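Trainee: Have a look at this one before I ask anything.
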Protein chains: 2
Amino acid sequence: MTQARIHNFSISLDGYAAGEPQSFESPFGHAGHRLHQWMFATRMWGPDGSVGVDNAFAERTNAGIGAEIMGAHKFGPPGWQDDPAWTGWWGENPPFHTPTFVLTHREHEPLVMDGGTTFHFLSAPPAEALRVATEAAEGLDVRIGGGAQVVRDFLAAGLVDVMHLVMVPIVLGRGERIWDGLEGLGESYVIESVPSPSGVTHLTFTRRSAD
Amino acid sequence: MTQARIHNFSISLDGYAAGEPQSFESPFGHAGHRLHQWMFATRMWGPDGSVGVDNAFAERTNAGIGAEIMGAHKFGPPGWQDDPAWTGWWGENPPFHTPTFVLTHREHEPLVMDGGTTFHFLSAPPAEALRVATEAAEGLDVRIGGGAQVVRDFLAAGLVDVMHLVMVPIVLGRGERIWDGLEGLGESYVIESVPSPSGVTHLTFTRRSAD
């Protein structure tokens with residue numbers, strides 16, 4: 001069974017996954033790199049990185065993934081739909097290496113990149129997007145890649161099987177929150193909490209079986 | 001030096017310290033007892049309770065405290081100011097055993113209770129309230145007892161030296177949030193995270209020295 005999985009999704013203590021305003025220069029707004037510093041320090045990110053608990057969690061993001069779904073805000077800065085040359089933040093060889101579905105209401109031709117990534121552009125509600133991505137994943141899992149609104153929408157629709165959040169000990173105060181509209185979410189998951197010497201806390205959500 | 005300390009302050013994943021609506025029957029609204037179940041299971045709360053990490057943190061709440069400051073919402077349900085017989089939730093012998101300052105704009109005579117608790121009623125901004133409570137604490141520390149608005153106000157005023165939050169793995173969705181208006185708070189504290197086998201995560205905030 002294909003699972004829908006969220007990995008390495010970093011939030012502040014107050015639940016923001018990005019600051020504001022988001023722009024080409026500052027994709028995460030006033031949050032800067034503070035939400036992702038923990039990941040840059042892992043072996044997954046670079047050969048001198050740590051191999052501790054941060055890395056153990058970080059590396060899971062690619063295991064067994066056959067497709068990704070991401071929101072328009074993750075694919076580019078505000079207005080990217082009007083720039084025909086925009087192909088995402090990641091250069092010629094994006095780190096996805098699978099079919100990758102960008103949720104946007106604007107029509108857009110698919111972009112075939114190096115390394116196995118093809119960006120498809122899709123206007124669909126969560127369940128329909130997941131159906132399309134599951135078919136493309138050919139038996140592997142689908143990663144829900146964020147941002148906050150996409151995570152929220154898929155959680156609210158009850159479509160997420162596995163979620164790994166990384167709580168960073170900062171208070172952002174403003175930006176995109178992931179918790180709104182999710183009252184009662186905790187009851188559907190077994191939630192574990194694991195602190196790292198780096199200062200972040202890993203939170204894993206494993207969906208309870210439906211029996 | 002007297003310190004201002006917050007202990008055992010329980011919040012949901014999304015940062016709510018109480019649900020809604022608050023009433024005599026449901027002091028924590030739709031949160032019920034879910035935010036405090038971890039504490040009821042400790043040795044501090046009862047002789048059969050656990051003596052693990054939850055208890056170790058829980059017991060610190062009373063050590064070296066000479067006065068408490070609490071908000072009007074903690075002292076009673078909405079409208080308690082109009083009930084001359086209301087003396088708090090805690091019966092004849094409240095668990096404070098020190099001078100206890102209730103922040104309210106309504107004038108009210110002090111209430112001398114059994115066991116050393118005297119409730120004083122005070123209309124004052126945080127710094128002034130802390131000055132009064134510090135004097136009453138006679139060299140001991142002052143506990144900031146909550147609820148959420150009081151915690152927020154004292155944090156925003158930079159008056160909190162030590163804070164112990166307990167993050168409970170539930171999503172409440174609505175109620176009283178502690179994080180609003182505190183952008184940048186993390187920079188003033190060394191923050192540690194410790195998970196408990198009970199499922200909660202203890203977060204401690206130790207104020208950085210001002211040098």
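Just so we're on the same page: first chain in the structure tokens is A, next is B, and so on; residues restart at 1 for each chain, and ligands are numbered from 1 in the order they show up.
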Write out as number ranges by chain every residue belonging to chain B that has an atom at most 6 Å from any atom of chain A, counting only C-alpha atoms.
Mentor: B: 14, 170-173, 179, 182-186, 193, 195
Trainee: Emit the selected residues as a PDB file, in the first residue's frame, including N, CA and C atoms.
Mentor:
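And here's result28.pdb as it stands now:
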ATOM      1  N   ASP B  14      -0.291  22.840  19.475  1.00  0.00           N
ATOM      2  CA  ASP B  14      -0.532  24.119  18.818  1.00  0.00           C
ATOM      3  C   ASP B  14      -0.534  25.289  19.797  1.00  0.00           C
ATOM      4  N   ILE B 170      -1.523  16.737  21.811  1.00  0.00           N
ATOM      5  CA  ILE B 170      -2.885  16.893  21.290  1.00  0.00           C
ATOM      6  C   ILE B 170      -2.947  18.220  20.543  1.00  0.00           C
ATOM      7  N   VAL B 171      -3.883  18.315  19.614  1.00  0.00           N
ATOM      8  CA  VAL B 171      -4.109  19.560  18.877  1.00  0.00           C
ATOM      9  C   VAL B 171      -5.470  20.098  19.302  1.00  0.00           C
ATOM     10  N   LEU B 172      -5.465  21.224  20.022  1.00  0.00           N
ATOM     11  CA  LEU B 172      -6.730  21.752  20.553  1.00  0.00           C
ATOM     12  C   LEU B 172      -7.476  22.621  19.547  1.00  0.00           C
ATOM     13  N   GLY B 173      -6.745  23.338  18.717  1.00  0.00           N
ATOM     14  CA  GLY B 173      -7.413  24.078  17.649  1.00  0.00           C
ATOM     15  C   GLY B 173      -7.981  25.430  18.033  1.00  0.00           C
ATOM     16  N   TRP B 179       1.716  31.812  22.531  1.00  0.00           N
ATOM     17  CA  TRP B 179       2.835  32.285  21.735  1.00  0.00           C
ATOM     18  C   TRP B 179       2.625  33.641  21.072  1.00  0.00           C
ATOM     19  N   LEU B 182       5.147  37.138  20.649  1.00  0.00           N
ATOM     20  CA  LEU B 182       6.430  36.861  21.307  1.00  0.00           C
ATOM     21  C   LEU B 182       7.563  36.591  20.321  1.00  0.00           C
ATOM     22  N   GLU B 183       7.452  37.135  19.113  1.00  0.00           N
ATOM     23  CA  GLU B 183       8.501  36.941  18.108  1.00  0.00           C
ATOM     24  C   GLU B 183       9.890  37.199  18.699  1.00  0.00           C
ATOM     25  N   GLY B 184      10.810  36.260  18.450  1.00  0.00           N
ATOM     26  CA  GLY B 184      12.180  36.423  18.902  1.00  0.00           C
ATOM     27  C   GLY B 184      12.441  35.945  20.323  1.00  0.00           C
ATOM     28  N   LEU B 185      11.408  35.469  21.000  1.00  0.00           N
ATOM     29  CA  LEU B 185      11.555  35.050  22.400  1.00  0.00           C
ATOM     30  C   LEU B 185      12.700  34.070  22.607  1.00  0.00           C
ATOM     31  N   GLY B 186      12.827  33.109  21.673  1.00  0.00           N
ATOM     32  CA  GLY B 186      13.822  32.046  21.834  1.00  0.00           C
ATOM     33  C   GLY B 186      15.235  32.565  22.032  1.00  0.00           C
ATOM     34  N   SER B 193      14.861  20.415  25.654  1.00  0.00           N
ATOM     35  CA  SER B 193      13.684  19.604  25.388  1.00  0.00           C
ATOM     36  C   SER B 193      13.928  18.210  25.934  1.00  0.00           C
ATOM     37  N   PRO B 195      11.844  14.491  26.458  1.00  0.00           N
ATOM     38  CA  PRO B 195      10.600  13.739  26.345  1.00  0.00           C
ATOM     39  C   PRO B 195      10.404  12.832  27.558  1.00  0.00           C
TER      40      PRO B 195
END
Trainee: Residues at most 12 Å from Thr87 in chain A, counting only C-alpha atoms, excluding those fewer than 6 positions away in the same chain, as number ranges by chain?
Mentor: A: 74-77, 80-81, 93-94, 102, 108-114, 117-121
Trainee: To one decimal in Å, tell me the separation between CA of Asn8 in chain B and CA of Ala17 in chain A.
Mentor: 26.5 Å
Trainee: Using only C-alpha atoms, find the one residue out of A:Glu107, A:Glu135, A:Glu20, A:Glu68 that sits nearest to Pro95 in chain A.
Mentor: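 Counting only C-alpha atoms, the residue closest to Pro95 in chain A is A:Glu68.
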Trainee: By how many Å are CA of His202 in chain A and CA of Ser198 in chain B apart?
Mentor: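 CA of His202 in chain A sits 16.3 Å away from CA of Ser198 in chain B.
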Trainee: Return as number ranges by chain the full set of residues in range 37-169 of chain A whose backbone-based DSSP assignment is strand (DSSP E).
Mentor: A: 65-71, 99-103, 111-112, 118-122, 141-144, 162-168
Trainee: Take the residues from that selection and write them out as a compact mmCIF listing (two decimals), in the first residue's frame, keeping N, CA and C atoms.
Mentor:
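File produced: part-v1.txt:
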# COMPACT_ATOMS: atom_id res chain seq x y z
N ILE A 65 10.44 6.56 -1.81
CA ILE A 65 9.53 7.59 -2.34
C ILE A 65 9.49 7.51 -3.87
N GLY A 66 8.28 7.49 -4.42
CA GLY A 66 8.13 7.39 -5.87
C GLY A 66 7.53 8.62 -6.52
N ALA A 67 7.09 9.58 -5.71
CA ALA A 67 6.53 10.83 -6.24
C ALA A 67 6.43 11.84 -5.11
N GLU A 68 6.41 13.12 -5.48
CA GLU A 68 6.19 14.17 -4.47
C GLU A 68 5.05 15.06 -4.90
N ILE A 69 4.34 15.58 -3.88
CA ILE A 69 3.35 16.64 -4.11
C ILE A 69 3.82 17.86 -3.35
N MET A 70 3.88 19.00 -4.00
CA MET A 70 4.26 20.23 -3.29
C MET A 70 3.30 21.37 -3.65
N GLY A 71 3.29 22.37 -2.81
CA GLY A 71 2.46 23.54 -3.06
C GLY A 71 3.15 24.54 -3.97
N PRO A 99 8.64 11.79 -10.44
CA PRO A 99 7.56 12.72 -10.81
C PRO A 99 7.21 13.59 -9.60
N THR A 100 7.04 14.87 -9.83
CA THR A 100 6.78 15.82 -8.74
C THR A 100 5.62 16.71 -9.16
N PHE A 101 4.58 16.72 -8.36
CA PHE A 101 3.34 17.40 -8.72
C PHE A 101 3.23 18.72 -7.96
N VAL A 102 3.19 19.81 -8.69
CA VAL A 102 3.09 21.14 -8.10
C VAL A 102 1.62 21.57 -8.18
N LEU A 103 1.04 21.84 -7.01
CA LEU A 103 -0.37 22.23 -6.97
C LEU A 103 -0.50 23.72 -7.27
N LEU A 111 7.69 20.07 -16.87
CA LEU A 111 9.11 20.41 -17.02
C LEU A 111 9.93 19.15 -16.75
N VAL A 112 10.62 18.68 -17.78
CA VAL A 112 11.45 17.49 -17.61
C VAL A 112 12.86 17.95 -17.27
N THR A 118 10.53 15.15 -13.02
CA THR A 118 9.64 15.86 -13.94
C THR A 118 8.61 16.61 -13.10
N PHE A 119 8.53 17.92 -13.31
CA PHE A 119 7.51 18.71 -12.62
C PHE A 119 6.23 18.69 -13.44
N HIS A 120 5.15 18.22 -12.80
CA HIS A 120 3.81 18.31 -13.39
C HIS A 120 3.04 19.36 -12.60
N PHE A 121 2.14 20.06 -13.27
CA PHE A 121 1.40 21.13 -12.62
C PHE A 121 -0.07 20.75 -12.62
N LEU A 122 -0.66 20.83 -11.43
CA LEU A 122 -1.94 20.17 -11.19
C LEU A 122 -2.84 21.09 -10.39
N ASP A 141 6.00 5.10 -2.17
CA ASP A 141 5.24 6.07 -1.37
C ASP A 141 5.25 7.46 -2.01
N VAL A 142 4.35 8.29 -1.52
CA VAL A 142 4.25 9.68 -2.00
C VAL A 142 4.66 10.61 -0.85
N ARG A 143 5.59 11.50 -1.15
CA ARG A 143 5.98 12.48 -0.15
C ARG A 143 5.13 13.74 -0.33
N ILE A 144 4.55 14.21 0.79
CA ILE A 144 3.86 15.51 0.78
C ILE A 144 4.93 16.52 1.20
N VAL A 162 2.16 9.19 7.64
CA VAL A 162 3.37 9.36 8.45
C VAL A 162 3.78 10.83 8.38
N MET A 163 4.05 11.43 9.54
CA MET A 163 4.53 12.82 9.52
C MET A 163 5.70 12.96 10.50
N HIS A 164 6.75 13.56 10.01
CA HIS A 164 7.93 13.85 10.82
C HIS A 164 8.12 15.37 10.85
N LEU A 165 7.86 15.95 12.01
CA LEU A 165 8.09 17.39 12.20
C LEU A 165 9.38 17.60 12.98
N VAL A 166 10.00 18.72 12.76
CA VAL A 166 11.20 19.07 13.52
C VAL A 166 10.96 20.42 14.17
N MET A 167 10.85 20.39 15.48
CA MET A 167 10.54 21.63 16.20
C MET A 167 11.83 22.33 16.57
N VAL A 168 11.99 23.53 16.06
CA VAL A 168 13.20 24.32 16.27
C VAL A 168 12.91 25.34 17.37
Trainee: Which distance in Å separates CA of Gly91 in chain A and CA of Gly115 in chain A, to one decimal?
Mentor: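 Computing the Euclidean distance for CA of Gly91 in chain A and CA of Gly115 in chain A yields 11.0 Å.
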Trainee: Report the residues of chain A whose backbone DSSP state falls under helix (DSSP H, G or I), written as a VMD selection string.
Mentor: chain A and resid 29 to 31 37 to 40 53 to 62 72 to 75 80 to 82 114 to 116 126 to 137 148 to 156 185 to 188
Trainee: If we count only C-alpha atoms and set the cut-off at 8 Å, which residues sit around Gly29 in chain B, ignoring sequence neighbours fewer than 4 positions away in its own chain? Please answer as a ChimeraX atom specification.
Mentor: /B:18-23,175
Trainee: Please produce an output containing C-alpha atoms for each residue in the selection, written as a compact mmCIF listing (two decimals), in the first residue's frame.
Mentor:
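Written output follows (part_11.txt):
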# COMPACT_ATOMS: atom_id res chain seq x y z
CA ALA B 18 -6.75 26.01 27.81
CA GLY B 19 -9.64 25.27 25.54
CA GLU B 20 -12.95 27.08 25.28
CA PRO B 21 -15.44 28.03 26.50
CA GLN B 22 -14.24 28.27 30.09
CA SER B 23 -16.91 27.83 32.74
CA GLY B 175 -8.60 28.48 23.18
Trainee: Excluding Arg43 in chain A and any residue of its chain fewer than 4 positions from it, enumerate the residues within 10 Å of it, using only C-alpha atoms, and give them as a ChimeraX atom specification.
Mentor: /A:39,47-52,54-56,58-59
Trainee: Generate a file of the selected residues that holds C-alpha atoms, formatted as a PDB file, in the first residue's frame.
Mentor:
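File out-v4.pdb, as written:
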ATOM      1  CA  MET A  39      19.571  19.664   8.493  1.00  0.00           C
ATOM      2  CA  PRO A  47      30.240  14.761   3.941  1.00  0.00           C
ATOM      3  CA  ASP A  48      31.344  16.435   7.172  1.00  0.00           C
ATOM      4  CA  GLY A  49      27.870  16.330   8.686  1.00  0.00           C
ATOM      5  CA  SER A  50      26.792  14.487  11.815  1.00  0.00           C
ATOM      6  CA  VAL A  51      25.481  10.932  11.744  1.00  0.00           C
ATOM      7  CA  GLY A  52      23.381  11.220  14.901  1.00  0.00           C
ATOM      8  CA  ASP A  54      19.158  14.399  13.156  1.00  0.00           C
ATOM      9  CA  ASN A  55      20.737  12.549  10.262  1.00  0.00           C
ATOM     10  CA  ALA A  56      18.874   9.320  10.981  1.00  0.00           C
ATOM     11  CA  ALA A  58      16.716  13.356   7.753  1.00  0.00           C
ATOM     12  CA  GLU A  59      17.741  10.449   5.542  1.00  0.00           C
TER      13      GLU A  59
END
